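*Asks:* Sharing entry.pdb here; it has PDB, C-alpha atoms.
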```
ATOM      1  CA  MET A   1     101.391 126.421 106.575
ATOM      2  CA  ALA A   2      98.393 124.068 106.508
ATOM      3  CA  THR A   3      97.820 121.832 109.494
ATOM      4  CA  LEU A   4      98.042 118.065 109.059
ATOM      5  CA  PRO A   5      94.255 117.571 108.775
ATOM      6  CA  GLU A   6      94.052 120.293 106.124
ATOM      7  CA  LEU A   7      96.984 118.780 104.252
ATOM      8  CA  LEU A   8      95.425 115.314 104.381
ATOM      9  CA  GLU A   9      92.185 116.663 102.943
ATOM     10  CA  ASP A  10      94.126 118.240 100.076
ATOM     11  CA  LEU A  11      96.039 115.016  99.406
ATOM     12  CA  ILE A  12      92.822 112.974  99.369
ATOM     13  CA  ARG A  13      91.271 115.390  96.877
ATOM     14  CA  ARG A  14      94.341 115.293  94.615
ATOM     15  CA  GLU A  15      94.626 111.514  94.704
ATOM     16  CA  PHE A  16      90.977 110.447  94.556
ATOM     17  CA  GLY A  17      88.983 113.511  93.502
ATOM     18  CA  PRO A  18      86.518 115.901  95.165
ATOM     19  CA  SER A  19      83.638 113.407  95.380
ATOM     20  CA  GLU A  20      85.829 110.961  97.299
ATOM     21  CA  LEU A  21      86.928 113.740  99.640
ATOM     22  CA  ALA A  22      83.283 114.691 100.209
ATOM     23  CA  ALA A  23      82.468 111.102 101.165
ATOM     24  CA  VAL A  24      85.422 110.950 103.555
ATOM     25  CA  LEU A  25      84.493 114.281 105.158
ATOM     26  CA  ALA A  26      80.855 113.284 105.555
ATOM     27  CA  LEU A  27      81.853 110.104 107.357
ATOM     28  CA  ALA A  28      84.564 111.780 109.423
ATOM     29  CA  ASN A  29      82.137 114.486 110.523
ATOM     30  CA  SER A  30      79.311 112.093 111.373
ATOM     31  CA  GLY A  31      80.822 110.914 114.660
ATOM     32  CA  ALA A  32      81.731 112.736 117.846
ATOM     33  CA  ALA A  33      84.543 114.688 116.197
ATOM     34  CA  ALA A  34      87.145 116.074 118.582
ATOM     35  CA  GLU A  35      88.728 119.484 118.258
ATOM     36  CA  ALA A  36      92.280 118.215 118.662
ATOM     37  CA  HIS A  37      94.247 117.952 115.401
ATOM     38  CA  THR A  38      95.493 114.466 116.271
ATOM     39  CA  HIS A  39      91.922 113.220 116.720
ATOM     40  CA  ARG A  40      90.864 114.875 113.470
ATOM     41  CA  VAL A  41      93.646 113.025 111.651
ATOM     42  CA  ALA A  42      92.381 109.728 113.072
ATOM     43  CA  ASP A  43      88.814 110.644 112.015
ATOM     44  CA  LEU A  44      89.910 111.348 108.442
ATOM     45  CA  LEU A  45      92.041 108.231 108.073
ATOM     46  CA  GLY A  46      89.393 106.089 109.750
ATOM     47  CA  ALA A  47      86.825 107.394 107.265
ATOM     48  CA  MET A  48      89.181 106.545 104.414
ATOM     49  CA  VAL A  49      89.351 102.955 105.656
ATOM     50  CA  THR A  50      85.598 102.693 105.122
ATOM     51  CA  VAL A  51      85.323 104.715 101.919
ATOM     52  CA  ARG A  52      88.307 103.092 100.201
ATOM     53  CA  ARG A  53      87.585  99.616 101.658
ATOM     54  CA  ARG A  54      91.171  99.161 102.721
ATOM     55  CA  SER A  55      92.758  98.061 105.975
ATOM     56  CA  PRO A  56      93.893 100.696 108.500
ATOM     57  CA  SER A  57      97.501  99.628 107.880
ATOM     58  CA  GLU A  58      97.179 100.293 104.137
ATOM     59  CA  ILE A  59      95.576 103.685 104.675
ATOM     60  CA  TYR A  60      98.170 104.835 107.198
ATOM     61  CA  GLU A  61     101.023 103.681 104.953
ATOM     62  CA  TRP A  62      99.423 105.558 102.056
ATOM     63  CA  ALA A  63      99.160 108.697 104.198
ATOM     64  CA  GLY A  64     102.799 108.465 105.248
ATOM     65  CA  LEU A  65     103.931 108.021 101.645
ATOM     66  CA  GLN A  66     101.892 110.964 100.382
ATOM     67  CA  LEU A  67     102.945 113.244 103.225
ATOM     68  CA  ALA A  68     106.640 112.485 102.685
ATOM     69  CA  ARG A  69     106.330 113.113  98.950
ATOM     70  CA  HIS A  70     104.588 116.417  99.563
ATOM     71  CA  LEU A  71     106.813 117.697 102.359
ATOM     72  CA  SER A  72     110.050 116.798 100.558
ATOM     73  CA  ASN A  73     109.093 119.354  97.909
ATOM     74  CA  ALA A  74     106.996 121.821  99.895
ATOM     75  CA  LEU A  75     109.506 122.160 102.751
ATOM     76  CA  PRO A  76     112.981 122.058 101.187
ATOM     77  CA  VAL A  77     114.436 123.085 104.562
ATOM     78  CA  LEU A  78     113.865 119.493 105.678
ATOM     79  CA  THR A  79     116.109 117.998 102.999
ATOM     80  CA  LYS A  80     118.514 120.796 102.042
ATOM     81  CA  ASN A  81     121.433 119.561 104.186
ATOM     82  CA  HIS A  82     121.036 115.905 103.200
ATOM     83  CA  THR A  83     122.119 113.912 100.172
ATOM     84  CA  SER A  84     120.411 110.639 101.087
ATOM     85  CA  ALA A  85     117.437 109.298 102.969
ATOM     86  CA  ARG A  86     119.882 107.478 105.223
ATOM     87  CA  SER A  87     121.353 110.677 106.616
ATOM     88  CA  MET A  88     117.849 111.984 107.337
ATOM     89  CA  LEU A  89     116.680 108.787 109.017
ATOM     90  CA  LEU A  90     119.708 108.805 111.296
ATOM     91  CA  GLN A  91     118.318 112.088 112.624
ATOM     92  CA  VAL A  92     114.757 110.824 112.724
ATOM     93  CA  ASP A  93     113.841 112.297 116.113
ATOM     94  CA  ALA A  94     114.807 115.838 115.112
ATOM     95  CA  LEU A  95     113.062 115.388 111.759
ATOM     96  CA  ALA A  96     109.851 114.105 113.373
ATOM     97  CA  HIS A  97     109.882 116.968 115.877
ATOM     98  CA  GLU A  98     110.308 119.541 113.098
ATOM     99  CA  VAL A  99     107.429 118.119 111.078
ATOM    100  CA  GLN A 100     105.215 117.810 114.145
ATOM    101  CA  GLN A 101     105.810 121.432 115.127
ATOM    102  CA  ARG A 102     104.869 122.599 111.638
ATOM    103  CA  LEU A 103     101.845 120.365 111.034
ATOM    104  CA  LEU A 104     100.518 119.676 114.525
ATOM    105  CA  PRO A 105     101.614 122.648 116.624
ATOM    106  CA  GLY A 106     101.135 122.309 120.345
ATOM    107  CA  THR A 107     101.033 118.506 120.335
ATOM    108  CA  ALA A 108     103.598 116.009 121.625
ATOM    109  CA  SER A 109     105.309 113.350 119.540
ATOM    110  CA  PRO A 110     107.017 110.117 120.585
ATOM    111  CA  HIS A 111     110.768 109.959 121.005
ATOM    112  CA  PHE A 112     112.320 108.196 118.004
ATOM    113  CA  TRP A 113     115.820 106.759 117.879
ATOM    114  CA  ALA A 114     117.884 105.197 115.089
ATOM    115  CA  ASP A 115     120.779 102.747 114.883
ATOM    116  CA  LEU A 116     122.836 101.429 111.999
ATOM    117  CA  LEU A 117     122.546  97.651 111.807
ATOM    118  CA  ASP A 118     124.938  97.515 108.836
ATOM    119  CA  ALA A 119     126.076  99.771 106.001
ATOM    120  CA  GLN A 120     122.642  99.766 104.355
ATOM    121  CA  THR A 121     120.201  99.041 107.181
ATOM    122  CA  ILE A 122     118.835 101.427 109.789
ATOM    123  CA  ARG A 123     116.608 100.433 112.690
ATOM    124  CA  ILE A 124     114.141 103.076 113.840
ATOM    125  CA  GLY A 125     112.511 102.585 117.214
ATOM    126  CA  PHE A 126     109.854 104.337 119.236
ATOM    127  CA  ASP A 127     107.191 103.604 121.817
ATOM    128  CA  GLY A 128     103.732 104.256 120.449
ATOM    129  CA  PRO A 129     100.736 102.881 118.538
ATOM    130  CA  GLU A 130     101.056 100.348 115.745
ATOM    131  CA  LEU A 131      99.364 102.588 113.184
ATOM    132  CA  LEU A 132     102.017 105.251 113.753
ATOM    133  CA  ALA A 133     104.593 102.638 112.731
ATOM    134  CA  ARG A 134     102.595 102.059 109.545
ATOM    135  CA  LEU A 135     102.568 105.802 108.872
ATOM    136  CA  LEU A 136     106.340 105.808 109.406
ATOM    137  CA  GLU A 137     106.812 102.947 106.939
ATOM    138  CA  GLY A 138     105.023 104.896 104.234
ATOM    139  CA  ALA A 139     106.953 108.066 105.047
ATOM    140  CA  VAL A 140     110.264 106.217 104.775
ATOM    141  CA  ARG A 141     109.370 105.000 101.290
ATOM    142  CA  GLY A 142     108.359 108.484 100.224
ATOM    143  CA  LEU A 143     111.564 109.958 101.581
ATOM    144  CA  CYS A 144     113.644 107.390  99.698
ATOM    145  CA  GLU A 145     111.785 108.250  96.490
ATOM    146  CA  HIS A 146     112.909 111.850  96.917
ATOM    147  CA  PHE A 147     116.553 110.725  96.839
ATOM    148  CA  ASP A 148     116.066 108.145  94.065
ATOM    149  CA  GLU A 149     116.549 105.308  96.512
ATOM    150  CA  ARG A 150     114.494 102.225  97.325
ATOM    151  CA  ALA A 151     113.490 101.257 100.842
ATOM    152  CA  ASP A 152     112.896  97.644 101.843
ATOM    153  CA  VAL A 153     111.020  97.981 105.132
ATOM    154  CA  THR A 154     110.635  95.118 107.592
ATOM    155  CA  ARG A 155     109.712  94.853 111.256
ATOM    156  CA  SER A 156     111.645  93.383 114.171
ATOM    157  CA  LEU A 157     110.116  92.029 117.360
ATOM    158  CA  PRO A 158     110.998  93.859 120.584
ATOM    159  CA  PRO A 159     111.194  92.059 123.931
ATOM    160  CA  ALA A 160     107.753  90.797 124.949
ATOM    161  CA  ALA A 161     107.669  93.042 128.004
ATOM    162  CA  LEU A 162     107.908  96.176 125.845
ATOM    163  CA  THR A 163     104.365  96.073 124.531
ATOM    164  CA  GLU A 164     104.456  99.592 123.051
ATOM    165  CA  ARG A 165     107.894  99.258 121.422
ATOM    166  CA  ARG A 166     107.973  99.422 117.614
ATOM    167  CA  LEU A 167     111.091  98.540 115.612
ATOM    168  CA  VAL A 168     111.146  99.419 111.920
ATOM    169  CA  ASP A 169     114.131  98.166 109.909
ATOM    170  CA  VAL A 170     114.916 100.051 106.709
ATOM    171  CA  GLN A 171     117.339  98.672 104.120
ATOM    172  CA  ILE A 172     118.154 101.348 101.564
ATOM    173  CA  THR A 173     119.243 100.485  98.044
ATOM    174  CA  VAL A 174     120.723 103.316  96.037
ATOM    175  CA  GLU A 175     119.120 103.846  92.643
ATOM    176  CA  ARG A 176     120.724 107.142  91.812
ATOM    177  CA  ARG A 177     120.877 108.775  88.428
ATOM    178  CA  ALA A 178     124.337 108.962  86.914
ATOM    179  CA  ASN A 179     124.835 112.639  87.832
ATOM    180  CA  SER A 180     123.483 112.395  91.390
ATOM    181  CA  GLY A 181     126.856 111.883  93.049
ATOM    182  CA  PRO A 182     128.053 109.285  95.539
ATOM    183  CA  VAL A 183     126.304 108.222  98.714
ATOM    184  CA  PRO A 184     128.041 109.764 101.750
ATOM    185  CA  ALA A 185     130.186 107.428 103.797
ATOM    186  CA  VAL A 186     128.622 105.974 106.893
ATOM    187  CA  GLY A 187     131.334 107.550 109.001
ATOM    188  CA  ALA A 188     130.230 110.991 107.870
ATOM    189  CA  GLU A 189     126.752 110.591 109.320
ATOM    190  CA  ARG A 190     125.745 110.948 112.940
ATOM    191  CA  ARG A 191     123.529 108.473 114.731
ATOM    192  CA  SER A 192     120.538 109.657 116.674
ATOM    193  CA  GLY A 193     119.371 108.069 119.907
ATOM    194  CA  GLY A 194     120.356 104.958 121.774
ATOM    195  CA  GLY A 195     119.729 101.203 121.913
ATOM    196  CA  THR A 196     117.639  99.103 119.586
ATOM    197  CA  THR A 197     115.603  96.858 121.848
ATOM    198  CA  GLY A 198     116.292  98.180 125.319
ATOM    199  CA  LYS A 199     115.508 101.505 126.831
ATOM    200  CA  PRO A 200     116.305 104.413 124.458
ATOM    201  CA  ALA A 201     119.165 106.661 125.452
ATOM    202  CA  ARG A 202     118.291 109.917 127.149
ATOM    203  CA  ARG A 203     118.633 112.971 124.997
TER     204      ARG A 203
END
```
Just give me the structure as structure tokens.
*Replies:*
Amino acid sequence: MATLPELLEDLIRREFGPSELAAVLALANSGAAAEAHTHRVADLLGAMVTVRRRSPSEIYEWAGLQLARHLSNALPVLTKNHTSARSMLLQVDALAHEVQQRLLPGTASPHFWADLLDAQTIRIGFDGPELLARLLEGAVRGLCEHFDERADVTRSLPPAALTERRLVDVQITVERRANSGPVPAVGAERRSGGGTTGKPARR
């Protein structure tokens, strides 16, 4: 399977055309490009910020949305045992690890955890960079699209001492087609991880 940088290049070409991809690649390649896949991803998305004249947050959210749309169809193994985005997000750490192993082999990913705040709202937490949270926000929306659901994504503030803590709250509204079947009961889904604002539970 293509690596994440290769997949991003393909998504840019599909969305904006080959000339736009050429401009992004020229800019991404003009700096001191690193060999590591994770650095290459940052180079590509940073070049898109300049070429598209958008903020980094917008570009990372776009990338997350496009990646989730693509992977939901290209890797049915990720969604085959789920009937809603909610059930997938409650296993967000395992899902992130699976995607990371396929797209960025040999790299480490943050530990994610999820908690139900109420019947429709899930809080996803992790310790990491802000732009990764923006990528996650886009991916959540793309995942909900796959299940004909809508995600209202907001952010919560962690304790001030936890400067790397990111808390992403996802309220899911079901917009299912008539023949799509019911949403599984909350009791039938398993939570992943530990607390919401304190130290995450050990796995």
*Asks:* When you count all atoms listed in the file, which of these residues is closest to Pro158 (chain A): A:Pro76, A:Pro110, A:Gly125, A:Gly138?
*Replies:* A:Gly125
*Asks:* Leu27 (chain A): which residues within 10 Å, counting all atoms listed in the file, same-chain residues fewer than 6 positions away excluded, as a count of residues only?
*Replies:* 8
*Asks:* Find the residues near Gln171 (chain A): any atom within 6 Å, counting all atoms listed in the file, skip ones fewer than 3 places away on the same chain, and give them as an mmCIF file with C-alpha atoms, keeping the file's coordinate frame.
*Replies:*
```
data_model
loop_
_atom_site.group_PDB
_atom_site.id
_atom_site.type_symbol
_atom_site.label_atom_id
_atom_site.label_comp_id
_atom_site.auth_asym_id
_atom_site.auth_seq_id
_atom_site.Cartn_x
_atom_site.Cartn_y
_atom_site.Cartn_z
ATOM 1 C CA GLN A 120 122.642 99.766 104.355
ATOM 2 C CA THR A 121 120.201 99.041 107.181
ATOM 3 C CA ALA A 151 113.490 101.257 100.842
ATOM 4 C CA ASP A 152 112.896 97.644 101.843
#
```
*Asks:* Could you name the residues that touch Val49 (chain A) at 12 Å or less, counting only C-alpha atoms, but leaving out those on the same chain fewer than 3 positions away, as a VMD selection string?
*Replies:* chain A and resid 23 to 24 27 to 28 42 to 46 52 to 63
*Asks:* What separation in Å, quoted to one decimal, exists between CA of Asp148 (chain A) and CA of Val92 (chain A)?
*Replies:* 18.9 Å
*Asks:* May I ask which of the residues A:Val41, A:Arg166, A:Ser84, A:Ala26 is the closest one to Leu8 (chain A), counting only C-alpha atoms?
*Replies:*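 The shortest atom-to-atom distance to Leu8 (chain A) comes from A:Val41.
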*Asks:* Taking into account all atoms listed in the file, which residue in the set A:Thr83, A:Ser30, A:Gln66, A:Ser109 is nearest to Glu9 (chain A)?
*Replies:*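 Closest candidate: A:Gln66.
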*Asks:* What is the distance between CA of Gly17 (chain A) and CA of Gln100 (chain A), in Å to one decimal?
*Replies:*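 These two atoms are separated by 26.6 Å.
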*Asks:* Find, counting only C-alpha atoms, the residue in A:Gln91, A:Thr173, A:Thr79, A:Thr3 that gets nearest to Thr107 (chain A).
*Replies:*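 Smallest distance to Thr107 (chain A) is found for A:Thr3.
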*Asks:* So the first atom is CA of Phe147 (chain A) and the second is CA of Arg86 (chain A); what is the distance between them in Å, to one decimal place?
*Replies:*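 Computed distance, CA of Phe147 (chain A) to CA of Arg86 (chain A), equals 9.6 Å.
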*Asks:* Evaluate the PyMOL selection byres ((chain A and resi 102) around 12) on the structure here and hand back the selected residues as a VMD selection string.
*Replies:* chain A and resid 1 to 4 7 71 74 to 75 77 to 78 95 to 101 103 to 107
*Asks:* Any chance you could work out the residue set of the PyMOL selection byres ((chain A and resi 123) around 8) here, as number ranges by chain?
*Replies:* A: 114-117, 121-122, 124-125, 167-170, 196
*Asks:* From the list A:Gly128, A:His146, A:Phe16, A:Ala161, which residue is nearest Lys80 (chain A) when using only C-alpha atoms?
*Replies:*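 Residue with the minimum atom-to-atom distance to Lys80 (chain A): A:His146.
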*Asks:* Would you mind telling me which residue in A:Arg150, A:Arg141, A:Arg14, A:His82 lies nearest to Ala68 (chain A) when using all atoms listed in the file?
*Replies:*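 Looking only at the distances to Ala68 (chain A), the closest residue turns out to be A:Arg141.
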